[in-house]
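*Asks:* So I've got this file, protein_31.txt, and it contains compact mmCIF, C-alpha atoms:
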# COMPACT_ATOMS: atom_id res chain seq x y z
CA MET A 776 141.79 154.10 117.53
CA ILE A 777 138.35 155.41 116.73
CA LEU A 778 135.04 153.73 117.17
CA ASN A 779 133.21 155.15 114.19
CA HIS A 780 129.71 153.96 114.92
CA LEU A 781 127.72 151.46 116.95
CA TYR A 782 124.39 150.98 115.32
CA GLY A 783 121.56 148.65 114.41
CA CYS A 784 118.09 148.85 112.94
CA ALA A 785 115.67 150.72 115.19
CA ARG A 786 113.39 147.74 115.70
CA THR A 787 116.03 145.14 116.45
CA GLN A 788 114.96 142.96 119.36
CA VAL A 789 116.97 143.91 122.42
CA LYS A 790 116.92 142.34 125.85
CA LYS A 791 120.34 142.83 127.41
CA LEU A 792 122.19 146.11 127.20
CA VAL A 793 125.81 145.02 127.47
CA LEU A 794 128.15 144.11 124.62
CA TRP A 795 130.88 141.55 125.01
CA SER A 796 132.89 143.52 122.47
CA LEU A 797 132.43 146.71 124.47
CA VAL A 798 133.79 145.20 127.66
CA ARG A 799 136.78 143.74 125.85
CA SER A 800 137.49 147.07 124.12
CA VAL A 801 137.63 148.91 127.43
CA GLN A 802 139.70 146.23 129.15
CA LYS A 803 142.04 145.30 126.32
CA ASN A 804 142.50 148.67 124.58
CA HIS A 805 140.96 147.66 121.30
CA VAL A 806 137.60 147.84 119.59
CA VAL A 807 135.78 145.25 117.55
CA ASN A 808 132.48 145.79 115.83
CA LEU A 809 130.91 142.52 116.90
CA GLN A 810 127.73 143.17 118.86
CA ILE A 811 126.46 140.33 121.01
CA VAL A 812 123.18 140.93 122.79
CA ARG A 813 122.42 138.63 125.70
CA THR A 814 118.95 137.73 126.93
CA LEU A 815 117.79 138.02 130.51
CA SER A 816 117.28 134.28 130.70
CA HIS A 817 120.95 133.70 129.90
CA PRO A 818 123.12 135.98 132.09
CA ILE A 819 126.28 137.02 130.33
CA SER A 820 128.40 135.86 133.27
CA ASN A 821 127.29 132.33 132.37
CA SER A 822 127.41 132.81 128.60
CA ILE A 823 131.10 133.47 127.98
CA PRO A 824 133.46 130.49 128.36
CA SER A 825 135.49 130.88 131.55
CA VAL A 826 138.70 130.12 129.67
CA ILE A 827 138.57 133.59 128.07
CA MET A 828 137.58 135.49 131.20
CA ASP A 829 139.95 136.72 133.87
CA THR A 830 138.72 137.36 137.40
CA ASP A 831 137.99 141.06 136.85
CA THR A 832 135.99 140.34 133.72
CA LYS A 833 133.96 137.68 135.48
CA LYS A 834 133.21 140.07 138.35
CA LEU A 835 132.24 142.74 135.87
CA PHE A 836 129.78 140.48 134.07
CA GLU A 837 128.27 139.42 137.36
CA GLN A 838 127.85 143.07 138.31
CA ILE A 839 126.19 143.78 134.97
CA ASP A 840 123.81 140.85 135.45
CA ALA A 841 122.89 142.15 138.90
CA LYS A 842 122.07 145.61 137.48
CA GLN A 843 119.96 144.47 134.52
CA GLU A 844 116.72 145.99 135.78
CA LYS A 845 118.40 149.36 136.27
CA TYR A 846 119.77 149.24 132.73
CA ILE A 847 116.39 148.37 131.25
CA LYS A 848 114.77 151.24 133.16
CA ARG A 849 117.49 153.55 131.85
CA LEU A 850 116.79 152.43 128.30
CA ALA A 851 113.05 152.90 128.78
CA ASP A 852 113.64 156.45 130.01
CA THR A 853 115.60 157.34 126.88
CA VAL A 854 113.24 155.61 124.45
CA ALA A 855 110.45 157.76 125.91
CA ILE A 856 112.29 160.92 124.83
CA LYS A 857 111.00 161.62 121.31
CA SER A 858 114.27 162.95 119.95
CA VAL A 859 113.21 162.82 116.30
CA SER A 860 115.48 165.10 114.30
CA ALA A 861 113.15 165.14 111.29
CA TRP A 862 110.26 166.66 113.29
CA PRO A 863 110.71 170.38 114.03
CA GLU A 864 108.26 170.15 116.92
CA THR A 865 110.45 167.62 118.75
CA ARG A 866 113.69 169.59 118.49
CA PRO A 867 113.48 170.43 122.23
CA GLU A 868 113.32 166.69 122.92
CA ILE A 869 116.72 166.23 121.26
CA VAL A 870 118.16 168.91 123.51
CA LYS A 871 116.57 167.10 126.46
CA MET A 872 118.20 163.84 125.37
CA VAL A 873 121.60 165.50 124.95
CA LYS A 874 121.43 167.06 128.41
CA TRP A 875 120.22 163.79 129.95
CA THR A 876 123.29 162.06 128.53
CA GLN A 877 125.53 164.91 129.64
CA ASN A 878 124.31 164.44 133.21
CA GLU A 879 124.96 160.68 133.10
CA LEU A 880 128.51 161.18 131.84
CA GLU A 881 129.22 163.86 134.42
CA THR A 882 128.01 161.46 137.11
CA LEU A 883 130.76 159.09 135.92
CA GLY A 884 133.28 161.87 136.40
CA ALA A 885 133.58 163.04 132.81
CA THR A 886 134.16 166.65 131.90
CA THR A 887 131.63 167.79 129.31
CA GLN A 888 130.82 170.68 127.04
CA LEU A 889 127.95 171.46 124.71
CA GLU A 890 128.91 172.84 121.31
CA GLU A 891 126.29 174.93 119.55
CA LEU A 892 125.98 174.45 115.78
CA GLY A 893 123.85 177.41 114.80
CA ASP A 894 120.58 177.24 112.89
CA GLN A 895 119.03 174.87 110.40
CA VAL A 896 117.34 176.58 107.45
CA MET A 897 113.97 174.94 106.87
CA PRO A 898 112.34 174.47 103.42
CA ASP A 899 110.08 177.48 104.01
CA GLY A 900 113.06 179.69 104.78
CA SER A 901 112.53 179.77 108.52
CA LYS A 902 115.35 178.90 110.90
CA LEU A 903 115.38 176.27 113.61
CA PRO A 904 118.21 175.98 116.15
CA LEU A 905 120.30 172.85 115.71
CA PRO A 906 120.73 170.72 118.83
CA PRO A 907 124.14 171.01 120.50
CA VAL A 908 126.81 168.35 120.16
CA LEU A 909 127.97 166.79 123.41
CA LEU A 910 131.71 166.45 123.89
CA ALA A 911 132.95 164.59 126.95
CA THR A 912 136.26 163.36 128.31
CA LEU A 913 136.74 160.63 130.90
CA GLY A 914 140.39 160.32 131.87
CA THR A 915 143.38 162.42 130.80
CA ASP A 916 146.31 160.17 131.71
CA PRO A 917 149.09 160.83 129.15
CA LYS A 918 150.38 157.29 129.70
CA LYS A 919 147.13 155.79 128.44
CA LYS A 920 145.76 155.53 124.94
CA THR A 921 142.66 157.56 124.12
CA LEU A 922 139.57 156.11 122.48
CA LEU A 923 137.04 158.33 120.69
CA VAL A 924 133.45 157.12 120.82
CA TYR A 925 130.98 158.53 118.30
CA GLY A 926 127.26 158.14 118.78
CA HIS A 927 123.99 159.90 118.08
CA LEU A 928 121.04 160.63 120.31
CA ASP A 929 118.36 161.39 117.73
CA VAL A 930 116.04 158.84 116.12
CA GLN A 931 113.97 158.46 112.99
CA PRO A 932 110.24 159.23 112.96
CA ALA A 933 107.92 156.52 114.20
CA HIS A 934 104.16 156.10 114.51
CA LYS A 935 102.36 152.96 115.52
CA ASP A 936 100.41 153.03 112.26
CA ASP A 937 103.74 152.79 110.38
CA GLY A 938 103.56 149.08 111.13
CA TRP A 939 104.69 148.90 114.73
CA ASP A 940 102.96 146.32 116.89
CA THR A 941 103.69 148.40 119.99
CA GLU A 942 103.99 152.09 120.80
CA PRO A 943 107.42 153.05 119.41
CA PHE A 944 108.29 155.45 122.23
CA VAL A 945 107.26 153.10 125.00
CA LEU A 946 109.80 150.35 125.66
CA THR A 947 107.66 147.23 125.57
CA GLU A 948 108.43 143.60 126.32
CA VAL A 949 106.89 141.05 123.99
CA ASP A 950 107.77 137.36 124.23
CA GLY A 951 110.92 138.07 126.19
CA LYS A 952 112.16 140.82 123.86
CA LEU A 953 112.18 144.60 124.17
CA TYR A 954 110.91 146.93 121.45
CA GLY A 955 111.38 150.70 121.26
CA ARG A 956 112.56 153.38 118.86
CA GLY A 957 116.25 154.03 119.38
CA SER A 958 116.84 150.89 121.42
CA THR A 959 119.71 149.91 119.14
CA ASP A 960 120.07 152.92 116.84
CA ASP A 961 121.62 154.55 118.68
CA LYS A 962 120.55 155.16 122.26
CA GLY A 963 121.11 151.58 123.37
CA PRO A 964 124.76 151.47 122.21
CA VAL A 965 125.47 154.84 123.88
CA LEU A 966 123.97 153.48 127.08
CA ASP A 967 126.18 150.38 126.76
CA TRP A 968 129.20 152.59 127.35
CA ILE A 969 127.59 154.34 130.30
CA ASN A 970 126.41 151.07 131.86
CA THR A 971 129.74 149.30 131.49
CA LEU A 972 131.84 152.21 132.74
CA GLU A 973 129.48 152.64 135.68
CA ALA A 974 129.79 148.95 136.55
CA MET A 975 133.59 149.12 136.38
CA GLN A 976 133.62 152.11 138.69
CA GLU A 977 131.28 150.39 141.14
CA LEU A 978 133.79 147.54 141.31
CA LYS A 979 136.67 150.02 141.56
CA GLN A 980 138.22 148.52 138.45
CA ASP A 981 140.76 150.61 136.58
CA ILE A 982 139.71 151.93 133.19
CA PRO A 983 142.97 151.44 131.27
CA ILE A 984 142.27 154.02 128.58
CA ASN A 985 141.10 157.61 128.32
CA ILE A 986 137.74 157.93 126.61
CA LYS A 987 136.33 160.83 124.63
CA PHE A 988 132.72 161.01 123.51
CA LEU A 989 131.32 162.91 120.55
CA LEU A 990 127.54 162.59 120.61
CA GLU A 991 125.33 164.44 118.15
CA GLY A 992 121.60 164.93 117.70
CA MET A 993 121.17 165.22 113.92
CA GLU A 994 122.58 161.97 112.50
CA GLU A 995 119.22 160.80 111.20
CA SER A 996 118.89 164.10 109.32
CA GLY A 997 122.29 164.22 107.67
CA SER A 998 124.43 165.31 110.64
CA GLU A 999 123.91 168.93 109.70
CA GLY A 1000 126.55 171.17 111.22
CA LEU A 1001 128.79 168.34 112.39
CA ASP A 1002 131.46 168.63 109.69
CA ASP A 1003 132.32 172.21 110.61
CA LEU A 1004 132.55 171.30 114.29
CA VAL A 1005 134.83 168.33 113.62
CA PHE A 1006 137.22 170.42 111.55
CA SER A 1007 137.21 173.18 114.18
CA LYS A 1008 138.20 170.67 116.89
CA LYS A 1009 140.93 168.84 114.98
CA ASP A 1010 143.73 170.55 116.90
CA THR A 1011 142.04 170.54 120.30
CA PHE A 1012 139.41 168.01 121.40
CA LEU A 1013 140.11 165.66 118.49
CA LYS A 1014 143.89 165.99 118.51
Turn this file's structure into structure tokens for me.
*Replies:*
Amino acid sequence: MILNHLYGCARTQVKKLVLWSLVRSVQKNHVVNLQIVRTLSHPISNSIPSVIMDTDTKKLFEQIDAKQEKYIKRLADTVAIKSVSAWPETRPEIVKMVKWTQNELETLGATTQLEELGDQVMPDGSKLPLPPVLLATLGTDPKKKTLLVYGHLDVQPAHKDDGWDTEPFVLTEVDGKLYGRGSTDDKGPVLDWINTLEAMQELKQDIPINIKFLLEGMEESGSEGLDDLVFSKKDTFLK
């Protein structure tokens, strides 16, 4: 099965970085597109009826609750990276975001590779290198199913004078909610996977599926170059 996209509007109010649906997809080998965001004042270990939680799931939620400050700091670090694909001057920031994510996945034990896409031809005829696509694999057990996770690490342009009440690239808490460009589209959802897998590993819980990641840096600008890469990988990485 393929998780096509986890997304939300870039200014959606976010406080807790773990999805109930994400945890269930990893533990039960399926994916649903229901996104439930929990607030810090209501820990998720107390928010899900116990009748639908086994012991491992309960322990996992408790671990996630205990790590909430780490997850928020991680989100703040990524929001601060101005990976705006529409701004030529921030193209290096997209590469920085891709490599940051690559390091996080490798820390989890994933094998990774960066796929270069060539150049983007700008309106004035000049060429600008496209950011690489990150491919990663966590688990290669032939007895397990394999889940492909797609996500993107670039964001749309944002200035405070666009109508933001806070600085868009500074994760800011207002009235118990967090605001920041990319917090839900799509850095936050990518971090959900990293956070949950990290928590499972910390508890030495088995991850019952293999997971592949395909993370790009040009989604907000039409995913330029991605089609050719996908077709080129249909018999290898995407087989």
*Asks:* Would you list the contacts of His927 (chain A) as a PyMOL selection string, taking every protein, DNA or RNA residue within 12 Å and counting all atoms listed in the file, but skipping same-chain residues closer than 3 positions in sequence?
*Replies:* chain A and resi 779-782+858-860+869+872-873+876+906-910+924+930-931+957-966+988-998+1001
*Asks:* Would you work out the distance separating CA of Pro863 (chain A) from CA of Leu903 (chain A), expressed in Å to one decimal?
*Replies:*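 Separating CA of Pro863 (chain A) from CA of Leu903 (chain A) is a distance of 7.5 Å.
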*Asks:* Nearest to Thr887 (chain A): which of A:Ile839, A:Ile986, A:Ala851, A:Val949 is it, counting all atoms listed in the file?
*Replies:*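 Closest to Thr887 (chain A) of all the choices is A:Ile986.
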*Asks:* Would you mind reading off the distance between CA of Phe1012 (chain A) and CA of Lys920 (chain A), one decimal, in Å?
*Replies:*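 Interatomic distance, CA of Phe1012 (chain A) to CA of Lys920 (chain A): 14.4 Å.
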*Asks:* So how many Å separate CA of Thr971 (chain A) and CA of Asn985 (chain A), to one decimal?
*Replies:*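 It comes out at 14.4 Å.
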*Asks:* Within 10 Å of Asp852 (chain A), counting only C-alpha atoms, which residues qualify if same-chain residues fewer than 6 places away don't, as a list in words?
*Replies:*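 Returned residues: Tyr846, Met872, Trp875, Phe944, Val945 and Leu946 of chain A.
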*Asks:* Select, from A:Glu890, A:Asp840, A:Glu942, A:Asp929, the residue with the minimum atom-to-atom distance to Leu1004 (chain A), counting all atoms listed in the file.
*Replies:*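 Of all the options, A:Glu890 lies closest to Leu1004 (chain A).
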*Asks:* Using only C-alpha atoms, can you list as a VMD selection string the residues within 10 Å of (125.2, 154.4, 134.8)?
*Replies:* chain A and resid 842 845 to 846 849 879 to 880 882 to 883 966 to 974 976 to 977
*Asks:* Could you check the closest approach to Glu881 (chain A) for each of A:Val1005, A:Leu850, A:Ile984, A:Leu913 and tell me which residue wins, using only C-alpha atoms?
*Replies:* A:Leu913
*Asks:* Between A:Thr921, A:Met975, A:Thr947, A:Thr865, which residue has the minimum interatomic distance to Gln838 (chain A), considering only C-alpha atoms?
*Replies:*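 Of the candidates, the smallest distance to Gln838 (chain A) is held by A:Met975.
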*Asks:* Pick out the closest residue to Lys848 (chain A) from this set: A:Asp916, A:Asp831, A:Ser1007, A:Leu953. Count only C-alpha atoms.
*Replies:*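 Answer, going by the shortest atom-to-atom distance: A:Leu953.
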*Asks:* Pick out the closest residue to Gly955 (chain A) from this set: A:Lys979, A:Arg866, A:Lys902, A:Lys857. Count all atoms listed in the file.
*Replies:*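 Closest to Gly955 (chain A) of all the choices is A:Lys857.
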*Asks:* Set the distance at 8 Å and use all atoms listed in the file: which residues neighbour Pro943 (chain A) once local chain neighbours fewer than 5 positions away are removed? I'd like the list as an MDAnalysis selection string.
*Replies:* chainID A and resid 933:935 954:956
*Asks:* Since the input is missing atoms, can you rebuild N, CA and C atoms for region 989-1003 of chain A and write them as an mmCIF file, in the frame of the given file?
*Replies:*
data_model
loop_
_atom_site.group_PDB
_atom_site.id
_atom_site.type_symbol
_atom_site.label_atom_id
_atom_site.label_comp_id
_atom_site.auth_asym_id
_atom_site.auth_seq_id
_atom_site.Cartn_x
_atom_site.Cartn_y
_atom_site.Cartn_z
ATOM 1 N N LEU A 989 131.891 161.904 121.434
ATOM 2 C CA LEU A 989 131.320 162.910 120.550
ATOM 3 C C LEU A 989 129.923 162.412 120.183
ATOM 4 N N LEU A 990 128.914 163.048 120.755
ATOM 5 C CA LEU A 990 127.540 162.590 120.610
ATOM 6 C C LEU A 990 126.690 163.699 120.017
ATOM 7 N N GLU A 991 126.110 163.420 118.862
ATOM 8 C CA GLU A 991 125.330 164.440 118.150
ATOM 9 C C GLU A 991 123.836 164.137 118.185
ATOM 10 N N GLY A 992 123.045 165.083 117.692
ATOM 11 C CA GLY A 992 121.600 164.930 117.700
ATOM 12 C C GLY A 992 120.943 165.108 116.350
ATOM 13 N N MET A 993 121.740 165.009 115.260
ATOM 14 C CA MET A 993 121.170 165.220 113.920
ATOM 15 C C MET A 993 121.596 164.137 112.931
ATOM 16 N N GLU A 994 122.073 163.004 113.408
ATOM 17 C CA GLU A 994 122.580 161.970 112.500
ATOM 18 C C GLU A 994 121.505 161.491 111.536
ATOM 19 N N GLU A 995 120.286 161.325 112.040
ATOM 20 C CA GLU A 995 119.220 160.800 111.200
ATOM 21 C C GLU A 995 118.723 161.836 110.188
ATOM 22 N N SER A 996 119.252 163.044 110.275
ATOM 23 C CA SER A 996 118.890 164.100 109.320
ATOM 24 C C SER A 996 120.128 164.676 108.641
ATOM 25 N N GLY A 997 121.119 163.822 108.437
ATOM 26 C CA GLY A 997 122.290 164.220 107.670
ATOM 27 C C GLY A 997 123.425 164.822 108.456
ATOM 28 N N SER A 998 123.354 164.777 109.792
ATOM 29 C CA SER A 998 124.430 165.310 110.640
ATOM 30 C C SER A 998 124.746 166.763 110.305
ATOM 31 N N GLU A 999 123.706 167.538 110.080
ATOM 32 C CA GLU A 999 123.910 168.930 109.700
ATOM 33 C C GLU A 999 124.697 169.680 110.772
ATOM 34 N N GLY A 1000 125.721 170.374 110.326
ATOM 35 C CA GLY A 1000 126.550 171.170 111.220
ATOM 36 C C GLY A 1000 127.726 170.429 111.822
ATOM 37 N N LEU A 1001 127.742 169.116 111.720
ATOM 38 C CA LEU A 1001 128.790 168.340 112.390
ATOM 39 C C LEU A 1001 130.144 168.493 111.718
ATOM 40 N N ASP A 1002 130.175 168.537 110.391
ATOM 41 C CA ASP A 1002 131.460 168.630 109.690
ATOM 42 C C ASP A 1002 132.259 169.844 110.148
ATOM 43 N N ASP A 1003 131.607 170.989 110.211
ATOM 44 C CA ASP A 1003 132.320 172.210 110.610
ATOM 45 C C ASP A 1003 132.861 172.082 112.021
#
